[in-house]
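Have a look at work-v4.tsv; it's TSV, C-alpha atoms:
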```tsv
chain	number	residue	atom	x	y	z
P	1	MET	CA	0.00	0.00	0.00
P	2	ALA	CA	1.02	3.65	-0.29
P	3	ASN	CA	3.23	5.31	2.31
P	4	HIS	CA	3.18	8.85	3.64
P	5	SER	CA	4.68	11.40	1.20
P	6	GLN	CA	4.99	8.71	-1.49
P	7	LEU	CA	5.32	10.24	-4.96
P	8	THR	CA	5.51	7.05	-7.03
P	9	PHE	CA	3.19	4.12	-7.68
P	10	GLN	CA	2.64	1.34	-5.18
P	11	ASP	CA	4.87	-1.70	-5.65
P	12	ALA	CA	3.59	-3.78	-8.56
P	13	SER	CA	2.07	-7.11	-7.55
P	14	SER	CA	0.87	-8.31	-10.95
P	15	PRO	CA	2.43	-8.57	-14.43
P	16	VAL	CA	0.00	-5.98	-15.84
P	17	MET	CA	0.93	-3.41	-13.19
P	18	GLU	CA	4.62	-4.00	-13.92
P	19	GLU	CA	3.94	-3.25	-17.58
P	20	LEU	CA	1.96	-0.12	-16.69
P	21	MET	CA	4.78	1.19	-14.52
P	22	GLY	CA	7.29	0.52	-17.28
P	23	PHE	CA	5.15	2.40	-19.80
P	24	HIS	CA	4.75	5.28	-17.35
P	25	ASP	CA	8.54	5.60	-17.04
P	26	HIS	CA	8.90	5.34	-20.83
P	27	ALA	CA	6.34	8.11	-21.43
P	28	LEU	CA	8.02	10.34	-18.83
P	29	MET	CA	11.39	9.94	-20.55
P	30	VAL	CA	9.83	10.93	-23.89
P	31	ALA	CA	8.20	13.97	-22.28
P	32	LEU	CA	11.49	14.92	-20.58
P	33	SER	CA	13.35	14.70	-23.90
P	34	ILE	CA	10.78	16.93	-25.61
P	35	CYS	CA	10.87	19.51	-22.81
P	36	SER	CA	14.67	19.56	-22.85
P	37	LEU	CA	14.75	20.12	-26.62
P	38	VAL	CA	12.16	22.92	-26.46
P	39	LEU	CA	14.01	24.59	-23.56
P	40	TYR	CA	17.29	24.40	-25.49
P	41	LEU	CA	15.73	25.94	-28.61
P	42	LEU	CA	14.09	28.72	-26.59
P	43	THR	CA	17.37	29.51	-24.86
P	44	LEU	CA	19.17	29.52	-28.21
P	45	MET	CA	16.65	31.92	-29.76
P	46	LEU	CA	16.89	34.30	-26.79
P	47	THR	CA	20.68	34.37	-26.62
P	48	GLU	CA	21.76	34.23	-30.28
P	49	LYS	CA	21.43	37.01	-32.84
P	50	LEU	CA	18.37	36.67	-35.09
P	51	THR	CA	19.04	35.62	-38.67
P	52	SER	CA	16.88	35.07	-41.75
P	53	ASN	CA	18.39	31.82	-42.99
P	54	THR	CA	15.13	29.87	-42.63
P	55	VAL	CA	13.50	31.07	-45.85
P	56	ASN	CA	14.37	27.88	-47.75
P	57	ALA	CA	14.71	25.42	-44.90
P	58	GLN	CA	13.09	22.30	-46.32
P	59	ALA	CA	15.35	20.06	-44.24
P	60	ILE	CA	14.24	21.45	-40.89
P	61	GLU	CA	10.59	21.38	-41.98
P	62	LEU	CA	11.01	17.72	-42.85
P	63	VAL	CA	12.56	17.03	-39.44
P	64	TRP	CA	9.85	18.75	-37.40
P	65	THR	CA	7.19	16.90	-39.40
P	66	ILE	CA	8.67	13.40	-39.11
P	67	LEU	CA	9.98	13.69	-35.55
P	68	PRO	CA	6.56	14.21	-33.86
P	69	ALA	CA	5.14	11.29	-35.83
P	70	MET	CA	7.96	9.06	-34.59
P	71	VAL	CA	7.34	10.21	-31.01
P	72	LEU	CA	3.63	9.35	-31.29
P	73	ILE	CA	4.50	5.89	-32.63
P	74	MET	CA	6.91	5.36	-29.72
P	75	LEU	CA	4.03	6.08	-27.34
P	76	ALA	CA	1.21	4.37	-29.24
P	77	LEU	CA	2.75	0.92	-29.84
P	78	PRO	CA	3.52	0.00	-26.20
P	79	SER	CA	0.26	1.60	-25.08
P	80	LEU	CA	-1.80	-0.56	-27.46
P	81	ARG	CA	0.16	-3.65	-26.41
P	82	ILE	CA	-0.69	-3.09	-22.74
P	83	LEU	CA	-4.30	-2.24	-23.59
P	84	TYR	CA	-4.84	-5.55	-25.37
P	85	MET	CA	-2.99	-7.36	-22.58
P	86	MET	CA	-5.39	-5.91	-19.99
P	87	ASP	CA	-8.46	-6.94	-22.01
P	88	GLU	CA	-7.26	-10.48	-22.66
P	89	ILE	CA	-8.88	-13.11	-20.43
P	90	ASN	CA	-7.89	-16.68	-21.32
P	91	GLU	CA	-9.46	-19.54	-19.33
P	92	PRO	CA	-9.35	-18.03	-15.81
P	93	ASP	CA	-8.60	-20.33	-12.91
P	94	LEU	CA	-11.18	-18.63	-10.70
P	95	THR	CA	-14.12	-16.28	-11.27
P	96	LEU	CA	-15.08	-13.72	-8.66
P	97	LYS	CA	-18.17	-11.53	-8.80
P	98	ALA	CA	-17.97	-8.15	-7.01
P	99	ILE	CA	-21.22	-6.25	-6.38
P	100	GLY	CA	-21.11	-2.66	-5.17
P	101	HIS	CA	-23.68	-1.37	-2.68
P	102	GLN	CA	-24.08	1.80	-0.67
P	103	TRP	CA	-21.64	1.41	1.04
P	104	TYR	CA	-20.09	-2.05	1.07
P	105	TRP	CA	-19.08	-4.81	-1.35
P	106	SER	CA	-20.61	-8.24	-1.83
P	107	TYR	CA	-18.56	-11.09	-3.29
P	108	GLU	CA	-19.56	-14.35	-4.93
P	109	TYR	CA	-17.12	-17.12	-5.85
P	110	THR	CA	-19.08	-18.50	-8.77
P	111	ASP	CA	-16.84	-21.57	-9.21
P	112	LEU	CA	-17.34	-22.64	-5.60
P	113	LYS	CA	-20.55	-23.75	-3.95
P	114	ASP	CA	-22.21	-21.47	-1.40
P	115	LEU	CA	-19.30	-19.08	-1.03
P	116	THR	CA	-20.71	-15.56	-0.83
P	117	PHE	CA	-20.19	-12.83	1.75
P	118	ASP	CA	-20.44	-9.10	2.34
P	119	SER	CA	-17.37	-7.00	3.05
P	120	TYR	CA	-17.78	-3.99	5.35
P	121	MET	CA	-15.16	-1.53	6.54
P	122	ILE	CA	-14.13	-2.06	10.16
P	123	PRO	CA	-15.00	1.08	12.19
P	124	THR	CA	-12.11	2.91	13.80
P	125	THR	CA	-13.44	2.09	17.27
P	126	ASP	CA	-13.30	-1.67	16.54
P	127	LEU	CA	-10.02	-1.65	14.60
P	128	PRO	CA	-7.38	-4.06	15.97
P	129	LEU	CA	-3.99	-2.64	16.85
P	130	GLY	CA	-1.68	-2.39	13.83
P	131	HIS	CA	-4.42	-2.46	11.18
P	132	PHE	CA	-5.02	0.36	8.73
P	133	ARG	CA	-7.75	2.89	9.42
P	134	LEU	CA	-10.44	3.23	6.68
P	135	LEU	CA	-8.82	0.38	4.72
P	136	GLU	CA	-9.40	-2.80	6.72
P	137	VAL	CA	-12.55	-4.91	6.21
P	138	ASP	CA	-14.26	-7.66	8.17
P	139	HIS	CA	-14.07	-10.16	5.26
P	140	ARG	CA	-11.16	-10.07	2.82
P	141	VAL	CA	-11.20	-11.33	-0.75
P	142	VAL	CA	-8.85	-14.32	-0.71
P	143	VAL	CA	-7.41	-15.55	-4.01
P	144	PRO	CA	-4.75	-18.14	-4.89
P	145	MET	CA	-1.35	-16.75	-5.81
P	146	SER	CA	-0.07	-17.06	-9.40
P	147	SER	CA	-3.54	-17.91	-10.69
P	148	SER	CA	-5.56	-16.06	-13.32
P	149	ILE	CA	-8.53	-14.43	-11.59
P	150	ARG	CA	-11.50	-13.07	-13.54
P	151	VAL	CA	-13.53	-10.41	-11.72
P	152	ILE	CA	-17.09	-9.66	-12.85
P	153	VAL	CA	-18.08	-6.24	-11.51
P	154	THR	CA	-21.56	-4.77	-11.18
P	155	ALA	CA	-23.56	-2.58	-8.80
P	156	ASP	CA	-26.88	-2.83	-7.03
P	157	ASP	CA	-27.79	0.85	-6.66
P	158	VAL	CA	-25.45	3.59	-7.99
P	159	LEU	CA	-22.14	3.78	-9.82
P	160	HIS	CA	-19.12	2.32	-8.00
P	161	SER	CA	-15.62	1.37	-9.11
P	162	TRP	CA	-13.62	-1.68	-8.01
P	163	ALA	CA	-9.97	-0.62	-7.88
P	164	VAL	CA	-6.80	-2.17	-6.43
P	165	PRO	CA	-3.79	-0.07	-7.56
P	166	SER	CA	-1.00	-2.55	-6.81
P	167	LEU	CA	-2.74	-5.18	-8.97
P	168	GLY	CA	-3.36	-2.76	-11.83
P	169	VAL	CA	-7.15	-3.21	-11.62
P	170	LYS	CA	-9.85	-0.54	-11.90
P	171	THR	CA	-13.29	-1.38	-13.30
P	172	ASP	CA	-16.53	0.58	-13.03
P	173	ALA	CA	-19.48	-1.10	-11.33
P	174	ILE	CA	-22.66	-0.07	-13.19
P	175	PRO	CA	-26.21	-1.13	-12.19
P	176	GLY	CA	-27.69	-3.51	-14.74
P	177	ARG	CA	-24.36	-4.09	-16.51
P	178	LEU	CA	-21.61	-6.68	-16.07
P	179	ASN	CA	-18.05	-5.48	-16.59
P	180	GLN	CA	-15.12	-7.84	-16.32
P	181	THR	CA	-11.43	-7.57	-15.68
P	182	SER	CA	-8.67	-9.95	-14.66
P	183	PHE	CA	-5.49	-10.02	-12.61
P	184	LEU	CA	-2.78	-12.40	-11.50
P	185	ALA	CA	-1.20	-11.83	-8.10
P	186	SER	CA	2.49	-12.61	-8.59
P	187	ARG	CA	3.35	-12.76	-4.89
P	188	PRO	CA	1.60	-13.42	-1.57
P	189	GLY	CA	0.40	-10.43	0.38
P	190	VAL	CA	-2.48	-8.16	1.28
P	191	PHE	CA	-3.42	-5.50	-1.27
P	192	TYR	CA	-5.66	-2.54	-0.47
P	193	GLY	CA	-7.97	-0.53	-2.70
P	194	GLN	CA	-11.02	1.68	-2.48
P	195	CYS	CA	-14.13	2.56	-4.45
P	196	SER	CA	-12.93	5.02	-7.10
P	197	GLU	CA	-16.28	6.44	-8.16
P	198	ILE	CA	-18.09	9.02	-6.05
P	199	CYS	CA	-21.15	7.08	-4.92
P	200	GLY	CA	-22.68	9.06	-2.08
P	201	ALA	CA	-22.09	10.25	1.45
P	202	ASN	CA	-20.02	7.24	2.57
P	203	HIS	CA	-18.04	6.84	-0.64
P	204	SER	CA	-14.79	7.00	1.36
P	205	PHE	CA	-15.81	4.12	3.61
P	206	MET	CA	-16.06	1.09	1.28
P	207	PRO	CA	-12.50	-0.25	0.97
P	208	ILE	CA	-11.35	-3.33	-0.93
P	209	VAL	CA	-8.86	-5.83	0.51
P	210	VAL	CA	-7.44	-8.65	-1.62
P	211	GLU	CA	-5.32	-11.30	0.10
P	212	SER	CA	-3.13	-13.49	-2.09
P	213	THR	CA	-2.19	-16.86	-0.57
P	214	PRO	CA	-0.72	-20.18	-1.75
P	215	LEU	CA	-3.23	-22.57	-3.27
P	216	ALA	CA	-3.29	-24.89	-0.25
P	217	ASN	CA	-4.16	-22.02	2.08
P	218	PHE	CA	-6.87	-20.82	-0.30
P	219	GLU	CA	-8.46	-24.27	-0.41
P	220	SER	CA	-8.49	-24.44	3.39
P	221	TRP	CA	-10.03	-20.96	3.60
P	222	SER	CA	-12.70	-21.72	1.00
P	223	THR	CA	-13.66	-24.94	2.78
P	224	LEU	CA	-13.96	-23.09	6.07
P	225	MET	CA	-16.03	-20.26	4.58
P	226	SER	CA	-18.37	-22.65	2.74
P	227	SER	CA	-19.10	-24.55	5.94
P	228	GLN	CA	-20.19	-21.42	7.82
```
Show the structure stored in the file as structure tokens.
Amino acid sequence: MANHSQLTFQDASSPVMEELMGFHDHALMVALSICSLVLYLLTLMLTEKLTSNTVNAQAIELVWTILPAMVLIMLALPSLRILYMMDEINEPDLTLKAIGHQWYWSYEYTDLKDLTFDSYMIPTTDLPLGHFRLLEVDHRVVVPMSSSIRVIVTADDVLHSWAVPSLGVKTDAIPGRLNQTSFLASRPGVFYGQCSEICGANHSFMPIVVESTPLANFESWSTLMSSQ
């Protein structure tokens, strides 16, 4: 999760988020190069004597026509690659349905029998020592590590958004519509998110907690939850 005064992304915990962070750094380097070039040209124009040698400057016109096109291609190709990667869902190992309510989440493990629960934020007065305020819930979403998880997202009342930054997931929950996304947790851990669509007075109080565990631990947890 994010730390105080953190200026960068959260640590990537899925292959898609690693790709997104790499593209972010790539785009920033392109923007830095453009700004440096423009600053150099502005400084040159302000410090050098003006001349009129640009009347027949076909070469420079060719350069400033082709160069922006090449920059756009450098940005577009990796962006499209990541976009198609995020939309690709091939034979998921587990399907999870997330339903947004005012103001809590309901979850259904559609591949498992009788495994559904509601997830409410733990009030500050009941929060155990060492847990995170406004982020901890009474029932976490537990998923097996290194498995492809498909998440079907919808809402029961108003617009919500199911978002977990460290997994590179953010999908709108719309009443009467099923949206889907996928992720693969590449390491064990607990990953925090929040509703990212203003949905009413308690919008800030419906967090999302995803816990990634080894497959054996997930099977034990699912058996225990199904028996309750």
Quiz item: At what distance in Å, to one decimal, does CA of Pro144 (chain P) lie from CA of Ser161 (chain P)?
Solution: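 These two atoms are separated by 22.7 Å.
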Practice problem: Compare P:Leu75, P:Ala163, P:Val210, P:Ile82 by their minimum atom-to-atom distance to Glu18 (chain P), counting all atoms listed in the file, and give me the closest one. | Solution: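 Looking only at the distances to Glu18 (chain P), the closest residue turns out to be P:Ile82.
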Practice problem: Show which residues sit within 8 Å of region 174-190 of chain P, as a PyMOL selection string. Count all atoms listed in the file, and ignore same-chain residues fewer than 4 positions away. | Solution: chain P and resi 13-16+86-87+89+144-160+167-169+209-214
Quiz item: At what distance in Å, to one decimal, does CA of Met121 (chain P) lie from CA of Asp138 (chain P)?
Solution: 6.4 Å
Quiz item: So how far away is CA of Thr8 (chain P) from CA of Glu136 (chain P), in Å?
Solution: 22.5 Å
Practice problem: For Leu135 (chain P), list every protein, DNA or RNA residue within 9 Å, evaluated using only C-alpha atoms, and leave out those in the same chain fewer than 4 positions away; present the list as a ChimeraX atom specification. | Solution: /P:121-122,131,192-194,205-209
Practice problem: Determine the nearest neighbour of Ser166 (chain P) from the options P:Ala76, P:Lys113, P:Val143, P:Phe191, counting all atoms listed in the file. | Solution: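 Selected residue with least distance to Ser166 (chain P): P:Phe191.
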Self-check item: Nearest residue to Pro78 (chain P) from the set P:Ala57, P:Ala27, P:Leu127, P:Leu46 (distances using all atoms listed in the file)
Solution: P:Ala27
Quiz prompt | Nearest-residue call for Tyr120 (chain P), choices P:Leu62, P:Trp103, P:His24, P:Phe132, using only C-alpha atoms | solution = P:Trp103
Quiz item: For Glu19 (chain P), which residue out of P:Gln58, P:Ser79, P:Ser36, P:Thr95 is the nearest one, using all atoms listed in the file?
Solution: P:Ser79
